[in-house]
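The file start_30.tsv comes next; it holds TSV, N, CA and C atoms.
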```
chain	number	residue	atom	x	y	z
D	30	MET	N	111.29	102.37	113.82
D	30	MET	CA	111.48	101.13	113.11
D	30	MET	C	110.60	101.12	111.86
D	31	LYS	N	111.06	100.35	110.88
D	31	LYS	CA	110.31	100.21	109.63
D	31	LYS	C	109.95	98.75	109.43
D	32	VAL	N	108.77	98.54	108.86
D	32	VAL	CA	108.33	97.19	108.54
D	32	VAL	C	108.32	97.04	107.02
D	33	SER	N	108.74	95.87	106.57
D	33	SER	CA	108.72	95.59	105.14
D	33	SER	C	108.23	94.17	104.92
D	34	VAL	N	107.87	93.88	103.68
D	34	VAL	CA	107.35	92.55	103.33
D	34	VAL	C	108.12	92.00	102.14
D	35	ASP	N	108.44	90.73	102.21
D	35	ASP	CA	109.05	90.01	101.09
D	35	ASP	C	107.89	89.39	100.31
D	36	PHE	N	107.55	90.02	99.19
D	36	PHE	CA	106.38	89.57	98.43
D	36	PHE	C	106.58	88.20	97.79
D	37	ASP	N	107.83	87.76	97.65
D	37	ASP	CA	108.08	86.42	97.13
D	37	ASP	C	107.68	85.36	98.16
D	38	GLN	N	107.72	85.70	99.44
D	38	GLN	CA	107.37	84.78	100.51
D	38	GLN	C	105.92	84.91	100.98
D	39	CYS	N	105.36	86.10	100.87
D	39	CYS	CA	104.04	86.40	101.41
D	39	CYS	C	102.94	85.61	100.69
D	40	GLU	N	102.09	84.95	101.49
D	40	GLU	CA	100.93	84.24	100.95
D	40	GLU	C	99.64	85.03	101.18
D	41	ALA	N	99.74	86.20	101.76
D	41	ALA	CA	98.59	87.08	102.01
D	41	ALA	C	97.50	86.36	102.80
D	42	ASN	N	97.90	85.63	103.84
D	42	ASN	CA	96.91	84.93	104.64
D	42	ASN	C	96.22	85.85	105.64
D	43	GLY	N	96.76	87.03	105.87
D	43	GLY	CA	96.05	88.05	106.65
D	43	GLY	C	96.24	88.02	108.15
D	44	ILE	N	97.11	87.18	108.67
D	44	ILE	CA	97.33	87.17	110.12
D	44	ILE	C	97.80	88.55	110.59
D	45	CYS	N	98.69	89.16	109.84
D	45	CYS	CA	99.20	90.49	110.22
D	45	CYS	C	98.07	91.53	110.21
D	46	VAL	N	97.16	91.41	109.26
D	46	VAL	CA	96.03	92.34	109.18
D	46	VAL	C	95.15	92.19	110.41
D	47	GLY	N	94.96	90.98	110.85
D	47	GLY	CA	94.15	90.74	112.04
D	47	GLY	C	94.78	91.32	113.30
D	48	ILE	N	96.10	91.35	113.34
D	48	ILE	CA	96.81	91.86	114.51
D	48	ILE	C	96.96	93.37	114.47
D	49	ALA	N	97.28	93.90	113.31
D	49	ALA	CA	97.53	95.35	113.18
D	49	ALA	C	96.91	95.90	111.89
D	50	PRO	N	95.57	96.01	111.86
D	50	PRO	CA	94.90	96.45	110.64
D	50	PRO	C	95.18	97.90	110.25
D	51	ASP	N	95.70	98.68	111.18
D	51	ASP	CA	96.06	100.06	110.84
D	51	ASP	C	97.43	100.14	110.17
D	52	VAL	N	98.18	99.03	110.19
D	52	VAL	CA	99.51	99.00	109.56
D	52	VAL	C	99.49	98.16	108.28
D	53	PHE	N	98.74	97.05	108.30
D	53	PHE	CA	98.68	96.14	107.16
D	53	PHE	C	97.26	96.07	106.62
D	54	GLU	N	97.14	95.86	105.30
D	54	GLU	CA	95.82	95.64	104.72
D	54	GLU	C	95.93	94.73	103.52
D	55	LEU	N	94.86	93.99	103.26
D	55	LEU	CA	94.74	93.16	102.06
D	55	LEU	C	93.75	93.82	101.13
D	56	ASP	N	94.11	93.90	99.85
D	56	ASP	CA	93.17	94.48	98.89
D	56	ASP	C	92.23	93.39	98.37
D	57	ASP	N	91.37	93.75	97.44
D	57	ASP	CA	90.37	92.83	96.91
D	57	ASP	C	90.99	91.65	96.14
D	58	GLU	N	92.26	91.80	95.76
D	58	GLU	CA	92.95	90.74	95.03
D	58	GLU	C	93.91	89.96	95.94
D	59	ASP	N	93.72	90.11	97.26
D	59	ASP	CA	94.54	89.44	98.27
D	59	ASP	C	96.02	89.80	98.15
D	60	GLN	N	96.30	91.05	97.85
D	60	GLN	CA	97.66	91.56	97.87
D	60	GLN	C	97.85	92.32	99.18
D	61	LEU	N	98.94	92.03	99.87
D	61	LEU	CA	99.23	92.72	101.12
D	61	LEU	C	99.83	94.09	100.84
D	62	HIS	N	99.38	95.08	101.60
D	62	HIS	CA	99.92	96.43	101.52
D	62	HIS	C	100.28	96.89	102.92
D	63	ILE	N	101.38	97.60	103.01
D	63	ILE	CA	101.77	98.21	104.27
D	63	ILE	C	101.29	99.64	104.24
D	64	ARG	N	100.41	99.97	105.15
D	64	ARG	CA	99.80	101.31	105.17
D	64	ARG	C	100.80	102.36	105.63
D	65	THR	N	101.67	101.99	106.56
D	65	THR	CA	102.68	102.90	107.06
D	65	THR	C	103.94	102.11	107.37
D	66	ALA	N	105.00	102.33	106.57
D	66	ALA	CA	106.24	101.59	106.76
D	66	ALA	C	106.93	101.99	108.06
D	67	ASP	N	106.82	103.27	108.42
D	67	ASP	CA	107.39	103.74	109.68
D	67	ASP	C	106.42	103.42	110.80
D	68	VAL	N	106.79	102.46	111.62
D	68	VAL	CA	105.89	101.98	112.67
D	68	VAL	C	105.85	102.99	113.82
D	69	PRO	N	104.65	103.50	114.15
D	69	PRO	CA	104.53	104.39	115.30
D	69	PRO	C	104.92	103.66	116.59
D	70	GLU	N	105.54	104.36	117.49
D	70	GLU	CA	106.01	103.77	118.75
D	70	GLU	C	104.91	103.02	119.48
D	71	ASP	N	103.70	103.57	119.48
D	71	ASP	CA	102.61	102.93	120.22
D	71	ASP	C	102.05	101.69	119.51
D	72	ARG	N	102.49	101.41	118.28
D	72	ARG	CA	102.03	100.24	117.53
D	72	ARG	C	103.11	99.17	117.39
D	73	LEU	N	104.30	99.47	117.92
D	73	LEU	CA	105.44	98.59	117.74
D	73	LEU	C	105.19	97.19	118.30
D	74	SER	N	104.59	97.09	119.46
D	74	SER	CA	104.34	95.78	120.07
D	74	SER	C	103.47	94.91	119.17
D	75	ASP	N	102.40	95.46	118.61
D	75	ASP	CA	101.52	94.68	117.73
D	75	ASP	C	102.23	94.31	116.44
D	76	VAL	N	103.02	95.21	115.90
D	76	VAL	CA	103.74	94.91	114.66
D	76	VAL	C	104.79	93.82	114.91
D	77	GLU	N	105.45	93.87	116.05
D	77	GLU	CA	106.40	92.80	116.41
D	77	GLU	C	105.67	91.46	116.49
D	78	THR	N	104.48	91.46	117.05
D	78	THR	CA	103.69	90.23	117.13
D	78	THR	C	103.32	89.75	115.73
D	79	ALA	N	102.91	90.67	114.86
D	79	ALA	CA	102.55	90.31	113.49
D	79	ALA	C	103.75	89.70	112.75
D	80	VAL	N	104.92	90.29	112.93
D	80	VAL	CA	106.14	89.76	112.30
D	80	VAL	C	106.42	88.35	112.82
D	81	ALA	N	106.30	88.17	114.12
D	81	ALA	CA	106.58	86.87	114.72
D	81	ALA	C	105.57	85.81	114.32
D	82	GLN	N	104.33	86.20	114.08
D	82	GLN	CA	103.25	85.26	113.75
D	82	GLN	C	103.15	84.94	112.26
D	83	CYS	N	103.85	85.66	111.43
D	83	CYS	CA	103.77	85.43	109.98
D	83	CYS	C	104.25	84.00	109.67
D	84	PRO	N	103.36	83.15	109.13
D	84	PRO	CA	103.73	81.76	108.90
D	84	PRO	C	104.81	81.56	107.83
D	85	LYS	N	105.00	82.53	106.98
D	85	LYS	CA	106.01	82.43	105.92
D	85	LYS	C	107.24	83.29	106.21
D	86	ALA	N	107.27	83.93	107.38
D	86	ALA	CA	108.40	84.81	107.76
D	86	ALA	C	108.67	85.85	106.66
D	87	ALA	N	107.58	86.40	106.14
D	87	ALA	CA	107.70	87.37	105.05
D	87	ALA	C	107.83	88.81	105.53
D	88	LEU	N	107.61	89.05	106.81
D	88	LEU	CA	107.67	90.41	107.35
D	88	LEU	C	108.98	90.63	108.08
D	89	ARG	N	109.51	91.85	107.98
D	89	ARG	CA	110.75	92.21	108.63
D	89	ARG	C	110.62	93.58	109.31
D	90	LEU	N	111.24	93.70	110.46
D	90	LEU	CA	111.37	94.99	111.13
D	90	LEU	C	112.82	95.40	111.06
D	91	GLN	N	113.06	96.63	110.68
D	91	GLN	CA	114.43	97.15	110.59
D	91	GLN	C	114.56	98.40	111.40
```

So, in terms of structure tokens, how does the structure I just supplied come out?
Amino acid sequence: MKVSVDFDQCEANGICVGIAPDVFELDDEDQLHIRTADVPEDRLSDVETAVAQCPKAALRLQ
């Protein structure tokens, strides 16, 4: 599965970073970056949680 972000919706509040910091990161300017778009099988559960917890529904799993 792949994770993506809709930057028009993202407020960079960092909930996803708190859940899966090895997949998501915020830079010094509060821009969200996806460290690995291809979600490793062992990280899928946390990434699904991050997608579900995003208050702006800016994250997608495909």

Provide the atom C of Asp71 (chain D) to CA of Glu58 (chain D) distance in Å, to one decimal place. 28.3 Å

Which is closest to Ser33 (chain D) among D:Gln60, D:Ala66, D:Val52, D:Val76, if we use only N, CA and C atoms?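 The closest residue to Ser33 (chain D) is D:Ala66.
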
Mind checking which residues fall within 6 Å of Lys31 (chain D), counting all atoms listed in the file, ignoring those fewer than 6 positions away in the same chain, and posting them as a list in words? Ala66, Asp67, Val68, Arg89, Leu90 and Gln91 of chain D

Taking (102.1, 87.2, 102.7) as a centre in this file's frame and 8 Å as the limit, can you find every polymer residue with an atom that close, using only C-alpha atoms, and give them as a PDB file with N, CA and C atoms, in the frame of the given file?
```
ATOM      1  N   VAL D  34     107.870  93.880 103.680  1.00  0.00           N
ATOM      2  CA  VAL D  34     107.350  92.550 103.330  1.00  0.00           C
ATOM      3  C   VAL D  34     108.120  92.000 102.140  1.00  0.00           C
ATOM      4  N   ASP D  35     108.440  90.730 102.210  1.00  0.00           N
ATOM      5  CA  ASP D  35     109.050  90.010 101.090  1.00  0.00           C
ATOM      6  C   ASP D  35     107.890  89.390 100.310  1.00  0.00           C
ATOM      7  N   PHE D  36     107.550  90.020  99.190  1.00  0.00           N
ATOM      8  CA  PHE D  36     106.380  89.570  98.430  1.00  0.00           C
ATOM      9  C   PHE D  36     106.580  88.200  97.790  1.00  0.00           C
ATOM     10  N   GLN D  38     107.720  85.700  99.440  1.00  0.00           N
ATOM     11  CA  GLN D  38     107.370  84.780 100.510  1.00  0.00           C
ATOM     12  C   GLN D  38     105.920  84.910 100.980  1.00  0.00           C
ATOM     13  N   CYS D  39     105.360  86.100 100.870  1.00  0.00           N
ATOM     14  CA  CYS D  39     104.040  86.400 101.410  1.00  0.00           C
ATOM     15  C   CYS D  39     102.940  85.610 100.690  1.00  0.00           C
ATOM     16  N   GLU D  40     102.090  84.950 101.490  1.00  0.00           N
ATOM     17  CA  GLU D  40     100.930  84.240 100.950  1.00  0.00           C
ATOM     18  C   GLU D  40      99.640  85.030 101.180  1.00  0.00           C
ATOM     19  N   ALA D  41      99.740  86.200 101.760  1.00  0.00           N
ATOM     20  CA  ALA D  41      98.590  87.080 102.010  1.00  0.00           C
ATOM     21  C   ALA D  41      97.500  86.360 102.800  1.00  0.00           C
ATOM     22  N   ASN D  42      97.900  85.630 103.840  1.00  0.00           N
ATOM     23  CA  ASN D  42      96.910  84.930 104.640  1.00  0.00           C
ATOM     24  C   ASN D  42      96.220  85.850 105.640  1.00  0.00           C
ATOM     25  N   GLY D  43      96.760  87.030 105.870  1.00  0.00           N
ATOM     26  CA  GLY D  43      96.050  88.050 106.650  1.00  0.00           C
ATOM     27  C   GLY D  43      96.240  88.020 108.150  1.00  0.00           C
ATOM     28  N   GLN D  60      96.300  91.050  97.850  1.00  0.00           N
ATOM     29  CA  GLN D  60      97.660  91.560  97.870  1.00  0.00           C
ATOM     30  C   GLN D  60      97.850  92.320  99.180  1.00  0.00           C
ATOM     31  N   LEU D  61      98.940  92.030  99.870  1.00  0.00           N
ATOM     32  CA  LEU D  61      99.230  92.720 101.120  1.00  0.00           C
ATOM     33  C   LEU D  61      99.830  94.090 100.840  1.00  0.00           C
ATOM     34  N   CYS D  83     103.850  85.660 111.430  1.00  0.00           N
ATOM     35  CA  CYS D  83     103.770  85.430 109.980  1.00  0.00           C
ATOM     36  C   CYS D  83     104.250  84.000 109.670  1.00  0.00           C
ATOM     37  N   LYS D  85     105.000  82.530 106.980  1.00  0.00           N
ATOM     38  CA  LYS D  85     106.010  82.430 105.920  1.00  0.00           C
ATOM     39  C   LYS D  85     107.240  83.290 106.210  1.00  0.00           C
ATOM     40  N   ALA D  87     107.580  86.400 106.140  1.00  0.00           N
ATOM     41  CA  ALA D  87     107.700  87.370 105.050  1.00  0.00           C
ATOM     42  C   ALA D  87     107.830  88.810 105.530  1.00  0.00           C
ATOM     43  N   LEU D  88     107.610  89.050 106.810  1.00  0.00           N
ATOM     44  CA  LEU D  88     107.670  90.410 107.350  1.00  0.00           C
ATOM     45  C   LEU D  88     108.980  90.630 108.080  1.00  0.00           C
TER      46      LEU D  88
END
```

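Distances to Pro50 (chain D) were evaluated for D:Arg64, D:Val32, D:Ala86, D:Ser74 using only N, CA and C atoms, and the minimum falls at D:Arg64.
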
Going by DSSP on the backbone, which residues of region 34-90 of chain D come out as alpha helix (DSSP H)? List them as a list in words.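 Filtering region 34-90 of chain D down to alpha helix (DSSP H) leaves Ile44, Cys45, Val46, Gly47, Ile48, Leu73, Ser74, Asp75, Val76, Glu77, Thr78, Ala79, Val80, Ala81 and Gln82 of chain D.
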
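The closest residue to Ala79 (chain D), picked from D:Asp56, D:Thr65, D:Ile44, D:Asp51 and counting only N, CA and C atoms, is D:Ile44.
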
List every residue of chain D that DSSP, applied to the backbone of this structure, places in strand (DSSP E), and write the result as a list in words.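 So, restricting chain D to strand (DSSP E), we get Val32, Ser33, Val34, Phe53, Glu54, Leu55, Leu61, His62, Ile63, Leu88, Arg89 and Leu90 of chain D.
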
Between atom N of Asp37 (chain D) and CA of Asp57 (chain D), measure the distance and give it in Å to one decimal.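 Taking atom N of Asp37 (chain D) and CA of Asp57 (chain D), their separation equals 18.2 Å.
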
Rounded to one decimal in Å, what is the spacing between atom N of Asp75 (chain D) and atom C of Phe53 (chain D)?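 For atom N of Asp75 (chain D) relative to atom C of Phe53 (chain D), the distance reads 13.1 Å.
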